[in-house]
Structure formats: structure tokens, C-alpha cells
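Colleague: Got a file for you: coords00.cif, mmCIF, C-alpha atoms and all ligand atoms.
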data_input
#
loop_
_atom_site.group_PDB
_atom_site.id
_atom_site.type_symbol
_atom_site.label_atom_id
_atom_site.label_comp_id
_atom_site.auth_asym_id
_atom_site.auth_seq_id
_atom_site.Cartn_x
_atom_site.Cartn_y
_atom_site.Cartn_z
ATOM 1 C CA MET A 140 -6.350 9.249 -8.273
ATOM 2 C CA SER A 141 -3.632 8.056 -5.905
ATOM 3 C CA LEU A 142 -3.421 4.687 -7.648
ATOM 4 C CA ARG A 143 -1.738 6.559 -10.461
ATOM 5 C CA TYR A 144 0.983 7.818 -8.111
ATOM 6 C CA ALA A 145 1.432 4.392 -6.561
ATOM 7 C CA LEU A 146 1.991 2.987 -10.064
ATOM 8 C CA LEU A 147 4.364 5.802 -10.965
ATOM 9 C CA ALA A 148 6.282 5.104 -7.733
ATOM 10 C CA LEU A 149 6.644 1.453 -8.688
ATOM 11 C CA LEU A 150 7.672 2.245 -12.256
ATOM 12 C CA THR A 151 10.411 4.637 -11.120
ATOM 13 C CA SER A 152 12.275 1.485 -10.175
ATOM 14 C CA GLN A 153 12.171 -0.245 -13.573
ATOM 15 C CA PRO A 154 10.007 -0.737 -16.692
ATOM 16 C CA LEU A 155 7.502 -3.561 -16.229
ATOM 17 C CA THR A 156 4.946 -5.485 -18.261
ATOM 18 C CA GLY A 157 1.330 -5.196 -17.128
ATOM 19 C CA TYR A 158 1.527 -8.629 -15.555
ATOM 20 C CA ASP A 159 4.745 -7.770 -13.701
ATOM 21 C CA VAL A 160 3.194 -4.532 -12.495
ATOM 22 C CA LEU A 161 0.490 -6.623 -10.789
ATOM 23 C CA LYS A 162 3.019 -8.989 -9.212
ATOM 24 C CA HIS A 163 5.450 -6.299 -8.075
ATOM 25 C CA PHE A 164 2.680 -4.012 -6.891
ATOM 26 C CA GLU A 165 1.394 -6.567 -4.426
ATOM 27 C CA GLN A 166 4.895 -7.192 -3.058
ATOM 28 C CA SER A 167 5.717 -3.547 -2.476
ATOM 29 C CA VAL A 168 3.680 -0.390 -2.840
ATOM 30 C CA GLY A 169 0.426 -2.379 -2.656
ATOM 31 C CA TYR A 170 1.059 -2.814 1.068
ATOM 32 C CA VAL A 171 0.640 0.894 1.538
ATOM 33 C CA TRP A 172 -1.822 1.526 -1.297
ATOM 34 C CA HIS A 173 -4.000 -1.487 -1.865
ATOM 35 C CA ALA A 174 -5.711 -1.743 -5.247
ATOM 36 C CA PRO A 175 -7.452 -4.687 -6.891
ATOM 37 C CA ASP A 176 -5.865 -6.070 -10.078
ATOM 38 C CA SER A 177 -8.998 -5.051 -11.965
ATOM 39 C CA GLN A 178 -8.166 -1.363 -11.396
ATOM 40 C CA ILE A 179 -4.521 -1.599 -12.344
ATOM 41 C CA TYR A 180 -4.751 -2.605 -16.015
ATOM 42 C CA PRO A 181 -7.195 0.160 -17.010
ATOM 43 C CA GLU A 182 -5.184 2.728 -15.026
ATOM 44 C CA LEU A 183 -1.988 1.739 -16.862
ATOM 45 C CA ARG A 184 -3.802 2.284 -20.173
ATOM 46 C CA ARG A 185 -5.079 5.692 -19.060
ATOM 47 C CA MET A 186 -1.601 6.664 -17.872
ATOM 48 C CA GLU A 187 -0.206 5.727 -21.273
ATOM 49 C CA LYS A 188 -2.902 7.775 -23.007
ATOM 50 C CA ASP A 189 -2.022 10.705 -20.708
ATOM 51 C CA GLY A 190 1.671 10.478 -21.654
ATOM 52 C CA LEU A 191 2.910 9.376 -18.219
ATOM 53 C CA LEU A 192 3.931 5.939 -19.485
ATOM 54 C CA ASN A 193 5.240 4.649 -22.753
ATOM 55 C CA GLY A 194 4.035 1.136 -23.554
ATOM 56 C CA VAL A 195 6.619 -0.659 -25.678
ATOM 57 C CA GLU A 196 5.437 -3.789 -27.498
ATOM 58 C CA GLU A 197 7.784 -6.747 -27.154
ATOM 59 C CA PRO A 198 7.530 -10.152 -28.830
ATOM 60 C CA TRP A 199 6.274 -12.838 -26.495
ATOM 61 C CA GLY A 200 6.580 -16.535 -27.296
ATOM 62 C CA THR A 201 6.323 -17.320 -31.017
ATOM 63 C CA LYS A 202 3.270 -15.272 -31.990
ATOM 64 C CA GLY A 203 2.383 -13.166 -28.998
ATOM 65 C CA LYS A 204 3.252 -9.665 -27.957
ATOM 66 C CA LYS A 205 3.378 -7.990 -24.604
ATOM 67 C CA LYS A 206 3.642 -4.393 -23.604
ATOM 68 C CA ARG A 207 6.269 -3.130 -21.234
ATOM 69 C CA TYR A 208 5.500 0.159 -19.523
ATOM 70 C CA HIS A 209 8.322 2.690 -19.221
ATOM 71 C CA ILE A 210 7.839 5.844 -17.181
ATOM 72 C CA THR A 211 8.218 8.914 -19.435
ATOM 73 C CA PRO A 212 9.889 12.202 -18.457
ATOM 74 C CA GLU A 213 6.322 13.583 -18.043
ATOM 75 C CA GLY A 214 5.576 10.669 -15.703
ATOM 76 C CA VAL A 215 8.680 11.397 -13.621
ATOM 77 C CA GLU A 216 7.716 15.076 -13.535
ATOM 78 C CA ALA A 217 4.130 14.279 -12.458
ATOM 79 C CA PHE A 218 5.395 12.010 -9.686
ATOM 80 C CA ARG A 219 7.927 14.551 -8.474
ATOM 81 C CA SER A 220 5.410 17.342 -8.467
ATOM 82 C CA TRP A 221 2.925 15.206 -6.496
ATOM 83 C CA MET A 222 5.704 14.344 -4.032
ATOM 84 C CA ASN A 223 6.419 18.052 -3.592
ATOM 85 C CA THR A 224 2.832 18.947 -2.710
ATOM 86 C CA THR A 225 1.141 18.470 0.662
ATOM 87 C CA LEU A 226 -1.809 16.103 0.823
ATOM 88 C CA ASP A 227 -5.433 17.080 0.749
ATOM 89 C CA TYR A 228 -6.766 15.214 3.744
ATOM 90 C CA ALA A 229 -10.002 13.315 3.342
ATOM 91 C CA ARG A 230 -12.302 13.602 6.367
ATOM 92 C CA GLU A 231 -12.759 10.545 8.610
ATOM 93 C CA ARG A 232 -14.641 7.570 7.207
ATOM 94 C CA ASP A 233 -13.748 4.587 9.289
ATOM 95 C CA PRO A 234 -16.305 1.779 9.515
ATOM 96 C CA ILE A 235 -14.996 0.464 12.850
ATOM 97 C CA HIS A 236 -15.433 3.865 14.468
ATOM 98 C CA LEU A 237 -18.883 4.174 12.958
ATOM 99 C CA LYS A 238 -19.810 0.838 14.499
ATOM 100 C CA ALA A 239 -18.051 1.508 17.799
ATOM 101 C CA ALA A 240 -20.146 4.616 18.305
ATOM 102 C CA TYR A 241 -23.362 2.543 18.221
ATOM 103 C CA LEU A 242 -22.344 -0.689 19.910
ATOM 104 C CA GLU A 243 -25.403 -0.431 22.147
ATOM 105 C CA TRP A 244 -27.256 -1.809 19.099
ATOM 106 C CA ALA A 245 -25.152 -4.972 18.861
ATOM 107 C CA ASP A 246 -25.532 -8.119 20.887
ATOM 108 C CA PRO A 247 -22.715 -7.962 23.472
ATOM 109 C CA ASP A 248 -21.184 -11.164 22.126
ATOM 110 C CA GLN A 249 -21.236 -9.817 18.592
ATOM 111 C CA ALA A 250 -19.657 -6.597 19.850
ATOM 112 C CA ARG A 251 -16.917 -8.673 21.473
ATOM 113 C CA ASN A 252 -16.478 -10.664 18.249
ATOM 114 C CA GLN A 253 -16.033 -7.430 16.364
ATOM 115 C CA MET A 254 -13.279 -6.310 18.762
ATOM 116 C CA HIS A 255 -11.573 -9.701 18.496
ATOM 117 C CA ALA A 256 -11.718 -9.510 14.699
ATOM 118 C CA HIS A 257 -10.149 -6.039 14.867
ATOM 119 C CA ILE A 258 -7.316 -7.344 17.036
ATOM 120 C CA ALA A 259 -6.752 -10.365 14.766
ATOM 121 C CA TYR A 260 -6.718 -8.269 11.597
ATOM 122 C CA HIS A 261 -4.282 -5.663 12.909
ATOM 123 C CA SER A 262 -2.040 -8.283 14.531
ATOM 124 C CA SER A 263 -1.671 -10.136 11.275
ATOM 125 C CA ARG A 264 -1.043 -6.970 9.229
ATOM 126 C CA ALA A 265 1.551 -5.805 11.777
ATOM 127 C CA GLN A 266 3.284 -9.162 11.474
ATOM 128 C CA GLN A 267 3.466 -8.809 7.683
ATOM 129 C CA TRP A 268 4.921 -5.337 8.045
ATOM 130 C CA ARG A 269 7.535 -6.581 10.489
ATOM 131 C CA GLU A 270 8.548 -9.153 7.888
ATOM 132 C CA MET A 271 8.682 -6.425 5.229
ATOM 133 C CA ILE A 272 10.903 -4.280 7.450
ATOM 134 C CA ALA A 273 13.273 -7.219 7.867
ATOM 135 C CA ALA A 274 13.371 -7.716 4.076
ATOM 136 C CA LEU A 275 14.030 -4.020 3.547
ATOM 137 C CA GLU A 276 16.735 -3.936 6.198
ATOM 138 C CA ASP A 277 18.615 -6.892 4.768
ATOM 139 C CA ARG A 278 17.810 -5.720 1.189
ATOM 140 C CA SER A 279 16.280 -9.086 0.291
ATOM 141 C CA ASN A 280 13.014 -7.555 -0.958
ATOM 142 C CA PRO A 281 13.445 -8.055 -4.734
ATOM 143 C CA ILE A 282 11.733 -4.818 -5.737
ATOM 144 C CA LEU A 283 13.925 -2.782 -3.424
ATOM 145 C CA ALA A 284 17.004 -4.675 -4.638
ATOM 146 C CA THR A 285 16.205 -3.735 -8.269
ATOM 147 C CA ARG A 286 15.587 -0.137 -7.301
ATOM 148 C CA LEU A 287 18.903 0.054 -5.432
ATOM 149 C CA ALA A 288 20.806 -1.556 -8.294
ATOM 150 C CA ALA A 289 19.719 1.353 -10.533
ATOM 151 C CA ALA A 290 20.465 4.057 -7.956
ATOM 152 C CA PRO A 291 23.715 5.681 -6.786
ATOM 153 C CA LYS A 292 25.132 3.950 -3.742
ATOM 154 C CA GLU A 293 25.041 7.117 -1.654
ATOM 155 C CA ASP A 294 21.214 7.090 -1.958
ATOM 156 C CA TRP A 295 20.709 3.513 -0.765
ATOM 157 C CA THR A 296 20.338 4.380 2.915
ATOM 158 C CA LYS A 297 17.577 6.876 2.308
ATOM 159 C CA ILE A 298 15.779 4.803 -0.332
ATOM 160 C CA ALA A 299 15.495 1.913 2.146
ATOM 161 C CA GLY A 300 15.200 4.171 5.201
ATOM 162 C CA TYR A 301 12.017 5.938 4.092
ATOM 163 C CA LYS A 302 10.353 2.635 3.305
ATOM 164 C CA ILE A 303 11.254 1.227 6.718
ATOM 165 C CA PHE A 304 9.969 4.452 8.323
ATOM 166 C CA THR A 305 6.648 3.933 6.505
ATOM 167 C CA TYR A 306 6.110 0.401 7.810
ATOM 168 C CA GLU A 307 7.148 1.468 11.309
ATOM 169 C CA GLY A 308 4.370 4.046 11.219
ATOM 170 C CA MET A 309 1.909 1.417 10.069
ATOM 171 C CA ILE A 310 2.954 -0.921 12.880
ATOM 172 C CA ASP A 311 2.482 1.902 15.399
ATOM 173 C CA ARG A 312 -1.033 2.442 14.080
ATOM 174 C CA ALA A 313 -1.825 -1.259 14.212
ATOM 175 C CA LYS A 314 -0.624 -1.390 17.847
ATOM 176 C CA ALA A 315 -2.860 1.540 18.716
ATOM 177 C CA GLU A 316 -5.825 -0.216 17.062
ATOM 178 C CA ILE A 317 -5.122 -3.381 19.043
ATOM 179 C CA GLU A 318 -4.897 -1.495 22.345
ATOM 180 C CA TRP A 319 -8.089 0.368 21.583
ATOM 181 C CA ALA A 320 -9.963 -2.837 20.764
ATOM 182 C CA ARG A 321 -8.716 -4.358 24.050
ATOM 183 C CA ARG A 322 -10.120 -1.330 25.846
ATOM 184 C CA GLY A 323 -13.318 -1.931 23.906
ATOM 185 C CA LEU A 324 -13.504 -5.469 25.263
ATOM 186 C CA ASP A 325 -13.131 -4.162 28.821
ATOM 187 C CA LEU A 326 -15.741 -1.518 28.188
ATOM 188 C CA ILE A 327 -18.237 -4.018 26.789
ATOM 189 C CA ASP A 328 -17.741 -6.166 29.903
ATOM 190 C CA LYS A 329 -18.333 -3.163 32.110
ATOM 191 C CA LEU A 330 -21.352 -1.758 30.263
ATOM 192 C CA GLU A 331 -23.130 -4.958 29.348
ATOM 193 C CA SER A 332 -22.989 -6.807 32.655
HETATM 194 C C1 LIG B 1 9.460 -0.816 -2.547
HETATM 195 C C2 LIG B 1 9.936 -2.054 -2.151
HETATM 196 C C3 LIG B 1 8.408 -0.242 -1.854
HETATM 197 C C4 LIG B 1 9.342 -2.708 -1.057
HETATM 198 C C5 LIG B 1 7.821 -0.885 -0.775
HETATM 199 O O1 LIG B 1 6.779 -0.391 -0.054
HETATM 200 C C6 LIG B 1 8.310 -2.118 -0.393
HETATM 201 C C7 LIG B 1 10.046 -0.120 -3.702
HETATM 202 C C8 LIG B 1 6.340 0.930 -0.256
HETATM 203 O O2 LIG B 1 11.252 -0.244 -3.923
HETATM 204 O O3 LIG B 1 9.271 0.577 -4.397
HETATM 205 O O4 LIG B 1 7.712 -2.719 0.663
#
Starting from the coordinates I provided, produce the structure as C-alpha cells.
Modeller:
Amino acid sequence: MSLRYALLALLTSQPLTGYDVLKHFEQSVGYVWHAPDSQIYPELRRMEKDGLLNGVEEPWGTKGKKKRYHITPEGVEAFRSWMNTTLDYARERDPIHLKAAYLEWADPDQARNQMHAHIAYHSSRAQQWREMIAALEDRSNPILATRLAAAPKEDWTKIAGYKIFTYEGMIDRAKAEIEWARRGLDLIDKLES
């Protein structure tokens, strides 16, 4: 269900063709709400059917046509109303914690490998988010730049500021995951010697 709100968020910035939705999604809101391409096209069609988007056919090349999705007033309203509601939290379901709880079943070296993989994954994500923060701060992220161009100048600081705040939170989480996995490595050494 949240994919729909991620797509509405993206389309509040500008109307996009299905193909451009895929490309822009992965350079912006897809960092915080990952979805495979295969889910995006059918969701766009459902959102059009539900009146949240208006798909406008445009000529493409000599014979072709492509559809550009515009958010409708109903779409804006749905997004705003979702934004003004608190989340329903889903209960925990984290595979690394599931595994961590039963590491006595793993070979110690495989347990260590798992901790190293956790550190590598979160280090590389954190690095990407640092790069995103830099591109938001200097306004070079193209999706943000388009959004700002369509917005009043007095809103620019908050439009960028909330996005930076988001990635800062994700970096904090990644750092906590890395520290925890390092503690895991120490613990494995202690318990498996
Ligand atoms: C936007 C641009 C959003 C860059 C982002 O992440 C981002 C946007 C939520 O303007 O929608 O990294």
C-alpha cells in the first residue's frame, strides 16, 4: 500500500511518463521506499483507475504513444491525508535479528561472515546516503531541483531540509547496525573459543 504513497510523493514534483517514473523513483524516493520496477507499472495503472492519477497520452516518435501521469486533485488529497495520519506500525520482522538469536546453530566462521556482510551492506548504504545528502545540500539532485523550481522560494529550505533529515536518520541507523555487528563479532569470539 505504501508504494502508492511513494509514487504520489514523486509525482507531486512533476508529471512523468511510466519510464521516467522508474528512473526518477530509483534516484529519489526509492532510496527510502524500495520497490522493484515490476511493481511500479501495475501500481500506476491501478492509481489511474482509482482516480489518483490522470494518464495523458502523448505522441512518441512517428507512430508511438506514451502516457504521462499527472497527479489529480484526488491524488494530492490522498497524499495529504496520508501525510496527516500517524503510521500503523508493523511488528518486528527482521531476518538478521531472527538469525542472531540462533547463532549457536551456525558454524562460528559462517556467523562471523554474516556479521561482516552486515557491516559491509550498511557501510555501503550509509555511503550512498552521505552522497545523497551532499546532492540535496548543494541542490544538484535533479529530482529535488525540479521540485524546487516548481515551489515558492520560501519553501525551499524545508523541502530540502526534511529530505536531508531523512537520510541522516538512515545513516544513524546504519551506524547502529555496524556497531552492533562489531559487538556480534566480539561475542562470537568470546562464546565460540
Ligand atoms: C526527492 C529528491 C526525494 C531526492 C528524495 O528522497 C531524494 C524529491 C526521498 O524531491 O522527491 O533523495
Colleague: All residues within 8 Å of ligand LIG 1 (chain B) are required, counting all atoms listed in the file; please report them as a VMD selection string.
Modeller: chain A and resid 148 to 149 151 to 152 166 to 171 271 to 272 275 280 to 287 298 to 299 302 305 to 306
Colleague: Let me see the file: selected residues, C-alpha atoms, as a JSON list (two decimals), in the coordinates of the input.
Modeller:
[["chain", "number", "residue", "atom", "x", "y", "z"],
["A", 148, "ALA", "CA", 6.28, 5.10, -7.73],
["A", 149, "LEU", "CA", 6.64, 1.45, -8.69],
["A", 151, "THR", "CA", 10.41, 4.64, -11.12],
["A", 152, "SER", "CA", 12.28, 1.48, -10.18],
["A", 166, "GLN", "CA", 4.89, -7.19, -3.06],
["A", 167, "SER", "CA", 5.72, -3.55, -2.48],
["A", 168, "VAL", "CA", 3.68, -0.39, -2.84],
["A", 169, "GLY", "CA", 0.43, -2.38, -2.66],
["A", 170, "TYR", "CA", 1.06, -2.81, 1.07],
["A", 171, "VAL", "CA", 0.64, 0.89, 1.54],
["A", 271, "MET", "CA", 8.68, -6.42, 5.23],
["A", 272, "ILE", "CA", 10.90, -4.28, 7.45],
["A", 275, "LEU", "CA", 14.03, -4.02, 3.55],
["A", 280, "ASN", "CA", 13.01, -7.56, -0.96],
["A", 281, "PRO", "CA", 13.44, -8.06, -4.73],
["A", 282, "ILE", "CA", 11.73, -4.82, -5.74],
["A", 283, "LEU", "CA", 13.92, -2.78, -3.42],
["A", 284, "ALA", "CA", 17.00, -4.68, -4.64],
["A", 285, "THR", "CA", 16.20, -3.74, -8.27],
["A", 286, "ARG", "CA", 15.59, -0.14, -7.30],
["A", 287, "LEU", "CA", 18.90, 0.05, -5.43],
["A", 298, "ILE", "CA", 15.78, 4.80, -0.33],
["A", 299, "ALA", "CA", 15.50, 1.91, 2.15],
["A", 302, "LYS", "CA", 10.35, 2.64, 3.30],
["A", 305, "THR", "CA", 6.65, 3.93, 6.50],
["A", 306, "TYR", "CA", 6.11, 0.40, 7.81]]
Colleague: Against stretch 156-162 of chain A, which residues of stretch 180-266 of chain A fall within 8 Å? For each one I want the closest pair of atoms and the distance in Å (one decimal), counting only C-alpha atoms, rows by chain and increasing residue number, as CSV.
Modeller:
residue,atom,partner,partner_atom,distance
A:Tyr180,CA,A:Gly157,CA,6.7
A:Leu183,CA,A:Gly157,CA,7.7
A:Lys205,CA,A:Thr156,CA,7.0
A:Lys206,CA,A:Thr156,CA,5.6
A:Arg207,CA,A:Thr156,CA,4.0
A:Tyr208,CA,A:Thr156,CA,5.8
Colleague: Selection in question (the file shown): the PyMOL selection byres (((chain A and resi 244-255) around 10) and not hetatm). Which residues does it include, as a count of residues only?
Modeller: 27
Colleague: Enter the distance from atom CA of A:Ala217 to atom CA of A:Gln153, in Å, rounded to one decimal.
Modeller: 16.6 Å
Colleague: Which value, in Å to one decimal, gives the distance between atom CA of A:Tyr228 and atom CA of A:His261?
Modeller: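 So the two atoms, atom CA of A:Tyr228 and atom CA of A:His261, lie 22.9 Å apart.
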Colleague: Which residue is closest to A:Pro181? Choose from A:Arg219, A:Gly308, A:Arg143, A:Pro234 and count only C-alpha atoms.
Modeller: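 Residue with the minimum atom-to-atom distance to A:Pro181: A:Arg143.
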Colleague: To one decimal place, how far is atom CA of A:Arg184 from atom CA of A:His163 in Å?
Modeller: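 For atom CA of A:Arg184 relative to atom CA of A:His163, the distance reads 17.5 Å.
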